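Undergrad: I'm passing along final-v3.cif; it holds mmCIF, C-alpha atoms.
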data_final
#
loop_
_atom_site.group_PDB
_atom_site.id
_atom_site.type_symbol
_atom_site.label_atom_id
_atom_site.label_comp_id
_atom_site.auth_asym_id
_atom_site.auth_seq_id
_atom_site.Cartn_x
_atom_site.Cartn_y
_atom_site.Cartn_z
ATOM 1 C CA MET A 61 20.488 3.817 17.468
ATOM 2 C CA LEU A 62 21.237 5.128 13.987
ATOM 3 C CA VAL A 63 23.063 2.371 12.067
ATOM 4 C CA GLY A 64 23.050 3.867 8.596
ATOM 5 C CA THR A 65 21.213 5.794 5.944
ATOM 6 C CA SER A 66 19.497 4.806 2.739
ATOM 7 C CA ALA A 67 20.557 5.832 -0.756
ATOM 8 C CA ARG A 68 18.269 8.861 -0.389
ATOM 9 C CA GLY A 69 19.559 9.702 3.076
ATOM 10 C CA ARG A 70 16.686 8.271 5.103
ATOM 11 C CA PRO A 71 17.775 6.999 8.534
ATOM 12 C CA ILE A 72 18.009 3.287 9.363
ATOM 13 C CA TYR A 73 17.637 2.604 13.072
ATOM 14 C CA ALA A 74 18.328 -0.455 15.214
ATOM 15 C CA VAL A 75 17.025 -1.152 18.697
ATOM 16 C CA ARG A 76 18.867 -3.398 21.151
ATOM 17 C CA GLN A 77 17.073 -5.296 23.903
ATOM 18 C CA GLY A 78 18.402 -7.664 26.522
ATOM 19 C CA ASN A 79 21.864 -8.006 28.000
ATOM 20 C CA PRO A 80 24.485 -5.849 26.217
ATOM 21 C CA ALA A 81 27.221 -8.275 27.351
ATOM 22 C CA ALA A 82 25.405 -11.422 26.190
ATOM 23 C CA SER A 83 27.259 -14.014 24.132
ATOM 24 C CA LYS A 84 24.160 -14.861 22.079
ATOM 25 C CA ILE A 85 23.079 -12.151 19.650
ATOM 26 C CA MET A 86 20.046 -12.216 17.371
ATOM 27 C CA LEU A 87 19.203 -9.778 14.577
ATOM 28 C CA ALA A 88 15.682 -9.469 13.193
ATOM 29 C CA VAL A 89 14.950 -7.275 10.166
ATOM 30 C CA GLY A 90 11.338 -6.451 9.405
ATOM 31 C CA VAL A 91 11.273 -4.920 5.932
ATOM 32 C CA ILE A 92 13.755 -5.563 3.142
ATOM 33 C CA HIS A 93 11.289 -5.213 0.267
ATOM 34 C CA GLY A 94 9.557 -1.867 0.661
ATOM 35 C CA ASN A 95 6.247 -3.153 -0.670
ATOM 36 C CA GLU A 96 6.020 -5.962 1.918
ATOM 37 C CA LYS A 97 4.811 -4.451 5.202
ATOM 38 C CA ALA A 98 4.111 -7.550 7.361
ATOM 39 C CA GLY A 99 7.617 -7.551 8.814
ATOM 40 C CA LYS A 100 7.013 -4.143 10.368
ATOM 41 C CA LYS A 101 4.285 -5.639 12.565
ATOM 42 C CA ILE A 102 6.558 -8.499 13.586
ATOM 43 C CA ILE A 103 9.320 -6.114 14.665
ATOM 44 C CA THR A 104 6.787 -4.067 16.643
ATOM 45 C CA ALA A 105 5.725 -7.266 18.435
ATOM 46 C CA VAL A 106 9.337 -8.306 19.127
ATOM 47 C CA ARG A 107 10.126 -4.863 20.513
ATOM 48 C CA GLY A 108 7.091 -5.151 22.796
ATOM 49 C CA THR A 109 8.333 -8.453 24.224
ATOM 50 C CA PRO A 110 10.472 -8.094 27.360
ATOM 51 C CA ILE A 111 13.967 -9.557 26.959
ATOM 52 C CA PRO A 112 15.648 -10.245 30.342
ATOM 53 C CA VAL A 113 18.629 -7.966 30.930
ATOM 54 C CA ASP A 114 20.229 -10.610 33.144
ATOM 55 C CA GLY A 115 20.015 -13.380 30.519
ATOM 56 C CA ASP A 116 22.652 -14.387 27.979
ATOM 57 C CA VAL A 117 20.932 -12.962 24.918
ATOM 58 C CA GLN A 118 20.609 -9.629 23.201
ATOM 59 C CA VAL A 119 18.146 -8.980 20.415
ATOM 60 C CA TRP A 120 18.710 -6.328 17.765
ATOM 61 C CA THR A 121 15.797 -5.260 15.591
ATOM 62 C CA ILE A 122 15.712 -3.115 12.474
ATOM 63 C CA GLN A 123 12.244 -2.160 11.341
ATOM 64 C CA SER A 124 13.258 -1.394 7.764
ATOM 65 C CA MET A 125 16.493 -1.869 5.822
ATOM 66 C CA ASN A 126 14.834 -0.213 2.830
ATOM 67 C CA PRO A 127 13.140 3.055 3.839
ATOM 68 C CA ASP A 128 13.377 4.349 0.248
ATOM 69 C CA GLY A 129 11.514 1.293 -1.033
ATOM 70 C CA MET A 130 8.903 1.744 1.702
ATOM 71 C CA ALA A 131 8.371 5.368 0.696
ATOM 72 C CA ALA A 132 8.034 4.391 -2.975
ATOM 73 C CA ARG A 133 6.115 1.161 -2.182
ATOM 74 C CA THR A 134 8.505 -0.871 -4.280
ATOM 75 C CA ARG A 135 10.575 -4.009 -3.773
ATOM 76 C CA ARG A 136 13.828 -2.291 -4.766
ATOM 77 C CA ASN A 137 15.709 0.551 -3.141
ATOM 78 C CA ALA A 138 16.273 4.005 -4.656
ATOM 79 C CA ARG A 139 19.147 2.629 -6.772
ATOM 80 C CA SER A 140 16.888 -0.120 -8.162
ATOM 81 C CA VAL A 141 18.693 -2.818 -6.145
ATOM 82 C CA ASP A 142 16.767 -5.737 -4.654
ATOM 83 C CA LEU A 143 18.489 -5.785 -1.258
ATOM 84 C CA ASN A 144 17.338 -9.339 -0.567
ATOM 85 C CA ARG A 145 19.401 -10.516 -3.559
ATOM 86 C CA ASN A 146 22.440 -8.425 -2.685
ATOM 87 C CA PHE A 147 23.918 -10.171 0.376
ATOM 88 C CA PRO A 148 27.537 -11.360 0.215
ATOM 89 C CA THR A 149 28.113 -15.040 -0.452
ATOM 90 C CA GLY A 150 30.527 -17.548 1.004
ATOM 91 C CA TRP A 151 29.296 -17.302 4.585
ATOM 92 C CA SER A 152 30.758 -19.813 7.002
ATOM 93 C CA ARG A 153 28.682 -21.617 9.603
#
Will you turn the file into structure tokens for me?
TA:
Amino acid sequence: MLVGTSARGRPIYAVRQGNPAASKIMLAVGVIHGNEKAGKKIITAVRGTPIPVDGDVQVWTIQSMNPDGMAARTRRNARSVDLNRNFPTGWSR
């Protein structure tokens, strides 16, 4: 599923596995820094793991939140933003 596009218009896709009506939802992102590729392998492994559709969990995976950084092999995105340092603050538990 297309969930967005990068600063340069590259697509950002998410894949959902498991029960769409589950109350427990997990998100796993593989690549935030474009020059760090290990997360891509982890997401491939997670996507290859069967998640029961009759359980109470759904797993969302995004292989890369920074496709521009991956293309340029750099930590930052096309706007020179380090996405890992750009999350909102003040989250509640």
Undergrad: Extract, using only C-alpha atoms, all DNA, RNA and protein residues at most 12 Å from Val106 in chain A, discarding same-chain residues fewer than 6 positions from it, and format them as a list of chain:residue names.
TA: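 Residues near the query, excluding close chain neighbours: A:Val75, A:Arg76, A:Gln77, A:Gly78, A:Met86, A:Leu87, A:Ala88, A:Val89, A:Gly90, A:Gly99, A:Lys100, A:Val119, A:Trp120, A:Thr121, A:Ile122, A:Gln123.
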Undergrad: Using all atoms listed in the file, can you tell me which of A:Val141, A:Ala82, A:Arg136, A:Asp128 comes closest to Ile111 in chain A?
TA: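 Using all atoms listed in the file, the shortest distance to Ile111 in chain A belongs to A:Ala82.
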Undergrad: So what does the PyMOL selection byres ((chain A and resi 71) around 10) actually pick up in this one, as a PyMOL selection string?
TA: chain A and resi 61-70+72-73+124-128
Undergrad: How would you write, as JSON, numbers by chain, the residues chosen by the PyMOL selection byres ((chain A and resi 140) around 12) on this structure?
TA: {"A": [67, 68, 93, 94, 126, 128, 129, 132, 134, 135, 136, 137, 138, 139, 141, 142, 143, 144, 145, 146]}
Undergrad: Quick one, how far is CA of Gln118 in chain A from CA of Ala81 in chain A?
TA: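 About the pair CA of Gln118 in chain A and CA of Ala81 in chain A: they are 7.9 Å apart.
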Undergrad: How many Å lie between CA of Asn79 in chain A and CA of Arg107 in chain A, rounded to one decimal?
TA: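 CA of Arg107 in chain A lies at a distance of 14.3 Å from CA of Asn79 in chain A.
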Undergrad: Please measure the separation of CA of Asn95 in chain A and CA of Arg133 in chain A, giving the value in Å to one decimal.
TA: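 Result for CA of Asn95 in chain A versus CA of Arg133 in chain A: 4.6 Å, one decimal.
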Undergrad: Out of A:Pro80, A:Ile92, A:Ala74, A:Val113, which residue has the shortest atom-to-atom distance to Phe147 in chain A when counting all atoms listed in the file?
TA: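 So, comparing all the options, the nearest one is A:Ile92.
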